[in-house]
file run23.txt (compact mmCIF, C-alpha atoms)
# COMPACT_ATOMS: atom_id res chain seq x y z
CA MET A 13 -40.97 145.99 -37.96
CA ALA A 14 -41.99 143.37 -35.45
CA CYS A 15 -39.75 140.37 -35.70
CA ASN A 16 -39.81 136.92 -34.21
CA ARG A 17 -36.20 136.38 -33.15
CA GLY A 18 -35.16 133.22 -31.39
CA LYS A 19 -38.72 131.96 -30.89
CA ILE A 20 -40.47 128.96 -32.38
CA PRO A 21 -43.17 130.34 -34.69
CA ARG A 22 -46.77 129.54 -33.87
CA MET A 23 -47.99 127.33 -36.71
CA THR A 24 -51.52 128.66 -36.20
CA LYS A 25 -50.52 132.20 -37.12
CA SER A 26 -51.91 133.32 -40.47
CA TYR A 27 -50.02 135.33 -43.09
CA ARG A 28 -51.17 137.41 -46.04
CA PHE A 29 -48.87 135.94 -48.70
CA PHE A 30 -47.85 132.52 -47.41
CA ASP A 31 -50.57 130.60 -49.28
CA ILE A 32 -49.67 132.37 -52.53
CA ILE A 33 -46.02 131.38 -52.20
CA LEU A 34 -47.05 127.83 -51.34
CA GLY A 35 -49.23 127.59 -54.46
CA VAL A 36 -46.57 128.97 -56.81
CA PHE A 37 -43.92 126.73 -55.24
CA VAL A 38 -45.97 123.56 -55.84
CA ALA A 39 -46.91 124.68 -59.38
CA VAL A 40 -43.25 125.29 -60.26
CA LEU A 41 -42.29 121.88 -58.86
CA ILE A 42 -44.88 119.94 -60.86
CA ILE A 43 -44.45 121.90 -64.11
CA SER A 44 -40.67 121.57 -64.00
CA ASN A 45 -40.88 117.80 -63.49
CA ILE A 46 -43.30 117.41 -66.42
CA ALA A 47 -40.94 119.47 -68.58
CA SER A 48 -37.98 117.36 -67.45
CA SER A 49 -39.57 114.21 -68.82
CA ALA A 50 -40.58 115.89 -72.08
CA LYS A 51 -37.36 117.24 -73.58
CA ILE A 52 -33.58 117.61 -73.23
CA ILE A 53 -32.31 121.01 -74.41
CA ASP A 54 -28.90 121.59 -76.02
CA TRP A 55 -27.12 124.81 -75.04
CA GLY A 56 -25.07 124.72 -78.24
CA PHE A 57 -21.57 124.72 -76.73
CA SER A 58 -19.20 122.62 -74.62
CA ILE A 59 -17.07 123.17 -71.50
CA LEU A 60 -13.83 121.16 -71.27
CA GLY A 61 -15.18 118.85 -73.95
CA ILE A 62 -18.44 118.21 -72.09
CA ARG A 63 -21.52 119.15 -74.09
CA MET A 64 -23.83 121.52 -72.23
CA ALA A 65 -27.39 120.18 -72.25
CA PHE A 66 -30.10 119.89 -69.62
CA ASP A 67 -33.59 118.53 -69.16
CA ALA A 68 -36.20 121.19 -69.94
CA GLY A 69 -37.46 121.41 -66.37
CA THR A 70 -34.19 123.01 -65.37
CA ILE A 71 -35.42 126.28 -66.92
CA LEU A 72 -38.06 126.62 -64.20
CA PHE A 73 -36.78 124.47 -61.35
CA PRO A 74 -34.32 127.04 -59.89
CA ILE A 75 -37.29 129.30 -59.15
CA GLY A 76 -38.47 126.65 -56.72
CA TYR A 77 -35.22 127.01 -54.78
CA ILE A 78 -35.58 130.77 -54.76
CA PHE A 79 -39.04 130.39 -53.24
CA GLY A 80 -37.57 127.90 -50.78
CA ASP A 81 -34.99 130.51 -49.74
CA ILE A 82 -37.71 133.11 -49.30
CA LEU A 83 -39.87 130.78 -47.23
CA THR A 84 -37.08 129.85 -44.83
CA GLU A 85 -35.70 133.38 -44.58
CA VAL A 86 -39.04 135.00 -43.78
CA TYR A 87 -41.27 132.30 -42.28
CA GLY A 88 -38.66 129.97 -40.82
CA TYR A 89 -37.72 126.31 -41.21
CA GLN A 90 -40.90 124.94 -39.63
CA ARG A 91 -43.23 126.45 -42.21
CA SER A 92 -40.76 125.73 -44.99
CA ARG A 93 -40.78 122.08 -43.88
CA ARG A 94 -44.57 121.95 -44.31
CA VAL A 95 -44.27 123.44 -47.80
CA ILE A 96 -41.58 120.91 -48.78
CA TRP A 97 -43.80 118.02 -47.68
CA THR A 98 -46.78 119.55 -49.48
CA GLY A 99 -44.72 119.70 -52.65
CA PHE A 100 -43.49 116.14 -52.12
CA PHE A 101 -46.98 114.65 -51.89
CA SER A 102 -48.27 116.84 -54.74
CA LEU A 103 -45.49 115.54 -56.99
CA ALA A 104 -46.24 111.97 -55.91
CA LEU A 105 -49.94 112.49 -56.68
CA ALA A 106 -49.09 113.85 -60.13
CA ALA A 107 -46.96 110.76 -60.83
CA VAL A 108 -49.80 108.42 -59.78
CA VAL A 109 -52.29 110.27 -62.01
CA PHE A 110 -49.99 110.17 -65.06
CA TRP A 111 -49.35 106.45 -64.43
CA LEU A 112 -53.09 105.75 -64.17
CA ILE A 113 -53.76 107.65 -67.41
CA SER A 114 -51.04 105.64 -69.17
CA LYS A 115 -52.80 102.39 -68.23
CA MET A 116 -56.25 103.48 -69.41
CA PRO A 117 -57.35 102.67 -73.00
CA GLY A 118 -57.13 105.54 -75.47
CA GLU A 119 -60.07 106.63 -77.61
CA SER A 120 -59.78 105.52 -81.26
CA THR A 121 -59.73 109.00 -82.86
CA TRP A 122 -57.10 110.18 -80.36
CA GLN A 123 -55.03 107.08 -81.12
CA GLY A 124 -55.02 108.11 -84.78
CA TYR A 125 -53.51 111.59 -84.36
CA ALA A 126 -51.58 111.15 -81.09
CA GLY A 127 -51.71 107.73 -79.49
CA ASP A 128 -50.15 105.92 -76.57
CA THR A 129 -46.70 105.99 -78.15
CA ALA A 130 -46.70 109.79 -78.20
CA TYR A 131 -48.06 109.92 -74.66
CA GLN A 132 -45.35 107.58 -73.39
CA SER A 133 -42.66 109.52 -75.24
CA ILE A 134 -43.63 112.87 -73.72
CA LEU A 135 -45.45 112.22 -70.44
CA GLY A 136 -44.57 108.61 -69.79
CA GLY A 137 -41.48 109.73 -67.90
CA MET A 138 -43.68 111.29 -65.22
CA SER A 139 -45.18 107.87 -64.51
CA SER A 140 -42.06 105.73 -64.88
CA GLY A 141 -40.63 104.40 -61.65
CA GLY A 142 -37.13 105.67 -62.38
CA ILE A 143 -37.84 109.34 -62.93
CA VAL A 144 -40.49 109.46 -60.19
CA LEU A 145 -38.06 107.98 -57.66
CA ALA A 146 -35.29 110.27 -58.92
CA SER A 147 -37.49 113.36 -58.73
CA LEU A 148 -38.89 112.62 -55.28
CA ALA A 149 -35.55 111.64 -53.72
CA ALA A 150 -33.63 114.55 -55.27
CA TYR A 151 -36.33 117.07 -54.39
CA TRP A 152 -36.67 115.89 -50.79
CA LEU A 153 -32.94 115.75 -50.05
CA GLY A 154 -32.11 118.93 -51.97
CA GLU A 155 -34.88 121.11 -50.53
CA PHE A 156 -34.32 120.08 -46.93
CA SER A 157 -30.57 120.58 -47.30
CA ASN A 158 -31.17 124.02 -48.78
CA SER A 159 -33.59 125.06 -46.03
CA PHE A 160 -31.40 123.67 -43.21
CA VAL A 161 -28.23 125.39 -44.44
CA LEU A 162 -29.97 128.72 -44.96
CA ALA A 163 -31.59 128.65 -41.50
CA LYS A 164 -28.29 127.83 -39.81
CA MET A 165 -26.37 130.44 -41.80
CA LYS A 166 -28.94 133.08 -40.85
CA ILE A 167 -28.13 132.48 -37.19
CA LEU A 168 -24.37 132.43 -37.80
CA THR A 169 -24.50 135.69 -39.76
CA SER A 170 -27.01 137.32 -37.37
CA GLY A 171 -29.28 137.99 -40.32
CA ARG A 172 -26.66 139.86 -42.36
CA TRP A 173 -25.42 139.12 -45.89
CA LEU A 174 -28.57 137.51 -47.27
CA TRP A 175 -26.73 136.86 -50.53
CA SER A 176 -24.29 134.54 -48.73
CA ARG A 177 -27.18 132.46 -47.38
CA THR A 178 -29.17 132.19 -50.60
CA ILE A 179 -26.15 131.33 -52.74
CA GLY A 180 -24.42 129.20 -50.10
CA SER A 181 -27.51 127.08 -49.42
CA THR A 182 -28.16 126.73 -53.14
CA LEU A 183 -24.61 125.51 -53.82
CA ILE A 184 -25.25 122.63 -51.41
CA GLY A 185 -28.93 121.98 -52.06
CA GLU A 186 -28.69 122.10 -55.85
CA PHE A 187 -25.58 119.90 -55.86
CA ILE A 188 -27.35 117.21 -53.85
CA ASP A 189 -30.52 117.56 -55.92
CA THR A 190 -28.74 117.41 -59.28
CA VAL A 191 -26.44 114.49 -58.50
CA ILE A 192 -29.16 112.38 -56.87
CA PHE A 193 -31.62 113.02 -59.70
CA VAL A 194 -29.21 112.21 -62.54
CA VAL A 195 -27.73 109.15 -60.77
CA ILE A 196 -31.10 107.55 -60.02
CA ALA A 197 -32.61 108.47 -63.40
CA SER A 198 -29.57 107.05 -65.21
CA ALA A 199 -29.60 103.89 -63.08
CA PHE A 200 -33.20 103.26 -64.16
CA GLY A 201 -32.43 103.94 -67.82
CA VAL A 202 -34.30 107.25 -68.07
CA PHE A 203 -31.08 108.95 -69.25
CA PRO A 204 -28.09 107.15 -70.80
CA TRP A 205 -24.94 107.10 -68.64
CA SER A 206 -23.13 108.76 -71.55
CA LEU A 207 -25.03 111.95 -70.65
CA PHE A 208 -24.22 111.78 -66.92
CA LEU A 209 -21.48 114.44 -66.87
CA THR A 210 -23.29 116.63 -69.38
CA LEU A 211 -26.57 116.65 -67.47
CA THR A 212 -24.98 116.94 -64.03
CA LEU A 213 -22.57 119.76 -64.87
CA SER A 214 -24.89 121.79 -67.09
CA ASN A 215 -27.84 121.46 -64.68
CA TYR A 216 -25.72 122.52 -61.73
CA ILE A 217 -24.10 125.47 -63.48
CA PHE A 218 -27.43 126.75 -64.75
CA LYS A 219 -29.26 126.39 -61.41
CA VAL A 220 -26.56 128.08 -59.36
CA SER A 221 -26.14 130.84 -61.96
CA MET A 222 -29.89 131.52 -61.89
CA GLU A 223 -29.81 131.82 -58.10
CA ALA A 224 -26.96 134.31 -58.27
CA LEU A 225 -28.58 136.38 -61.04
CA MET A 226 -31.89 136.46 -59.17
CA THR A 227 -30.29 137.72 -55.95
CA PRO A 228 -31.59 141.31 -56.37
CA VAL A 229 -35.12 139.95 -56.89
CA THR A 230 -34.76 137.71 -53.83
CA TYR A 231 -33.67 140.71 -51.75
CA ALA A 232 -36.66 142.74 -52.92
CA VAL A 233 -39.19 139.98 -52.24
CA VAL A 234 -37.71 139.09 -48.83
CA ASN A 235 -37.67 142.71 -47.69
CA PHE A 236 -41.23 143.24 -48.89
CA LEU A 237 -42.53 140.11 -47.14
CA LYS A 238 -40.76 140.91 -43.86
CA ARG A 239 -42.44 144.29 -43.82
CA ALA A 240 -45.84 143.06 -44.99
CA GLU A 241 -45.98 140.01 -42.70
CA HIS A 242 -44.21 141.65 -39.72
CA GLU A 243 -42.09 138.52 -39.51
CA ASP A 244 -38.42 137.58 -39.56
CA ILE A 245 -37.91 134.12 -38.06
CA TYR A 246 -34.63 133.00 -36.51
CA ASP A 247 -34.58 129.21 -36.03
CA ARG A 248 -32.55 129.18 -32.80
CA GLU A 249 -34.84 126.75 -30.97
CA THR A 250 -36.24 124.88 -33.95
CA ASN A 251 -36.28 121.09 -34.18
CA PHE A 252 -34.77 120.45 -37.62
CA ASN A 253 -36.04 116.87 -37.86
CA PRO A 254 -37.48 116.80 -41.42
CA PHE A 255 -40.07 114.16 -40.48
CA ILE A 256 -41.92 116.38 -38.03
CA VAL A 257 -44.77 117.81 -40.08
call {"tool": "encode", "arguments": {"input": "run23.txt", "output": "structure tokens"}}
result
Amino acid sequence: MACNRGKIPRMTKSYRFFDIILGVFVAVLIISNIASSAKIIDWGFSILGIRMAFDAGTILFPIGYIFGDILTEVYGYQRSRRVIWTGFFSLALAAVVFWLISKMPGESTWQGYAGDTAYQSILGGMSSGGIVLASLAAYWLGEFSNSFVLAKMKILTSGRWLWSRTIGSTLIGEFIDTVIFVVIASAFGVFPWSLFLTLTLSNYIFKVSMEALMTPVTYAVVNFLKRAEHEDIYDRETNFNPFIV
């Protein structure tokens, strides 16, 4: 297998599966954020007296981190950075569209069986300043932390022990993502502060657990892509500045 070790990848190089991963990554990001504003799910038990509950988007959101791990592991930090920014602006666009819809007058028949109150209750969160700011800040900081840690650990481990990189980067990235999201959302009144520990702890436990359980799948996908794309980037000379697109 031809590998790109220690070289900066040419951003003009085309890949067979990169665009598919990009599309799924952005879809997961937007769907999970819509779900987060729609419902809070109760696990049905408590840990140390803290009730386990999480916003519904948490069911899908960890998959985004798994795709982030795959992108950085196979294609390198530079291409992962482009995907993170693509997801960021896609999420921002979705928020603007939902806000615009909320300000437009509803048709009379629709108002009778659904109405603006129902819209605001379910989708209004996607257009509220608090949850949009929380989502964008948490996503940006969490994803870049995840990608940076994984890329650096790949060099330190000389490409061995993939499990240590995927789980290690997730422990850091998901912690930053979860805390930032819940803090900002609570500060803007999206979630009550009484749910801060519940949402933070249950979200974090679930996301990290999903990453660990999906490790065999991550291994299979990474190995397949490295063979299919003839690529295995090591970010030894990469500029990790997140603002270079």
call {"tool": "atom_distance", "arguments": {"input": "run23.txt", "atom1": "atom CA of Ser214 of chain A", "atom2": "atom CA of Leu103 of chain A"}}
result
23.8 Å
call {"tool": "closest_atom_pairs", "arguments": {"input": "run23.txt", "of": "segment 138-195 of chain A", "to": "segment 34-44 of chain A", "cutoff": "12 Å", "atoms": "only C-alpha atoms", "output": "JSON lines"}}
result
{"residue": "A:Met138", "atom": "CA", "partner": "A:Ile42", "partner_atom": "CA", "distance": 9.8}
{"residue": "A:Val144", "atom": "CA", "partner": "A:Ile42", "partner_atom": "CA", "distance": 11.4}
{"residue": "A:Ser147", "atom": "CA", "partner": "A:Leu41", "partner_atom": "CA", "distance": 9.8}
{"residue": "A:Leu148", "atom": "CA", "partner": "A:Leu41", "partner_atom": "CA", "distance": 10.5}
{"residue": "A:Ala150", "atom": "CA", "partner": "A:Leu41", "partner_atom": "CA", "distance": 11.9}
{"residue": "A:Tyr151", "atom": "CA", "partner": "A:Leu41", "partner_atom": "CA", "distance": 8.9}
{"residue": "A:Trp152", "atom": "CA", "partner": "A:Leu41", "partner_atom": "CA", "distance": 11.5}
{"residue": "A:Glu155", "atom": "CA", "partner": "A:Leu41", "partner_atom": "CA", "distance": 11.2}
call {"tool": "atom_distance", "arguments": {"input": "run23.txt", "atom1": "atom CA of Gly56 of chain A", "atom2": "atom CA of Gly201 of chain A"}}
result
24.4 Å
call {"tool": "residues_around", "arguments": {"input": "run23.txt", "residues": "segment 111-120 of chain A", "least_positions_apart": "2", "cutoff": "12 Å", "atoms": "all atoms listed in the file", "output": "list in words"}}
result
Ala104, Leu105, Ala106, Ala107, Val108, Val109, Trp122, Gln123, Gly124, Tyr125, Ala126, Gly127, Asp128, Thr129, Ala130, Tyr131, Gln132, Ser133, Ile134, Leu135, Gly136, Gly137, Met138, Ser139, Ser140, Gly141, Ile143 and Val144 of chain A
call {"tool": "atom_distance", "arguments": {"input": "run23.txt", "atom1": "atom CA of Ala199 of chain A", "atom2": "atom CA of Ile184 of chain A"}}
result
22.5 Å
call {"tool": "residues_around", "arguments": {"input": "run23.txt", "residues": "segment 202-208 of chain A", "least_positions_apart": "2", "cutoff": "9 Å", "atoms": "all atoms listed in the file", "output": "list in words"}}
result
Ser49, Arg63, Ala65, Gly137, Ser140, Gly142, Ile143, Val194, Val195, Ile196, Ala197, Ser198, Ala199, Phe200, Thr210, Leu211, Thr212 and Leu213 of chain A
call {"tool": "closest_residue", "arguments": {"input": "run23.txt", "among": "A:Phe30, A:Gly185, A:Met165, A:Met226", "to": "Arg94 of chain A", "atoms": "all atoms listed in the file"}}
result
A:Phe30
call {"tool": "residues_around", "arguments": {"input": "run23.txt", "residues": "segment 227-235 of chain A", "least_positions_apart": "5", "cutoff": "9 Å", "atoms": "all atoms listed in the file", "output": "NGL selection string"}}
result
:A and (78-79 or 81-83 or 85-86 or 174-175 or 178-179 or 222 or 240)
call {"tool": "closest_residue", "arguments": {"input": "run23.txt", "among": "A:Tyr246, A:Trp97, A:Phe255, A:Tyr77", "to": "Gly180 of chain A", "atoms": "only C-alpha atoms"}}
result
A:Tyr77
call {"tool": "closest_residue", "arguments": {"input": "run23.txt", "among": "A:Arg93, A:Val220, A:Ala47, A:His242", "to": "Ile256 of chain A", "atoms": "all atoms listed in the file"}}
result
A:Arg93
call {"tool": "residues_near_point", "arguments": {"input": "run23.txt", "point": "(-31.2, 111.8, -55.6)", "cutoff": "6 Å", "atoms": "all atoms listed in the file", "output": "PyMOL selection string"}}
result
chain A and resi 146+149-150+189+192-193
call {"tool": "residues_around", "arguments": {"input": "run23.txt", "residues": "Ser176 of chain A", "least_positions_apart": "5", "cutoff": "10 Å", "atoms": "all atoms listed in the file", "output": "PyMOL selection string"}}
result
chain A and resi 162+165-166+169+181-182+224+227
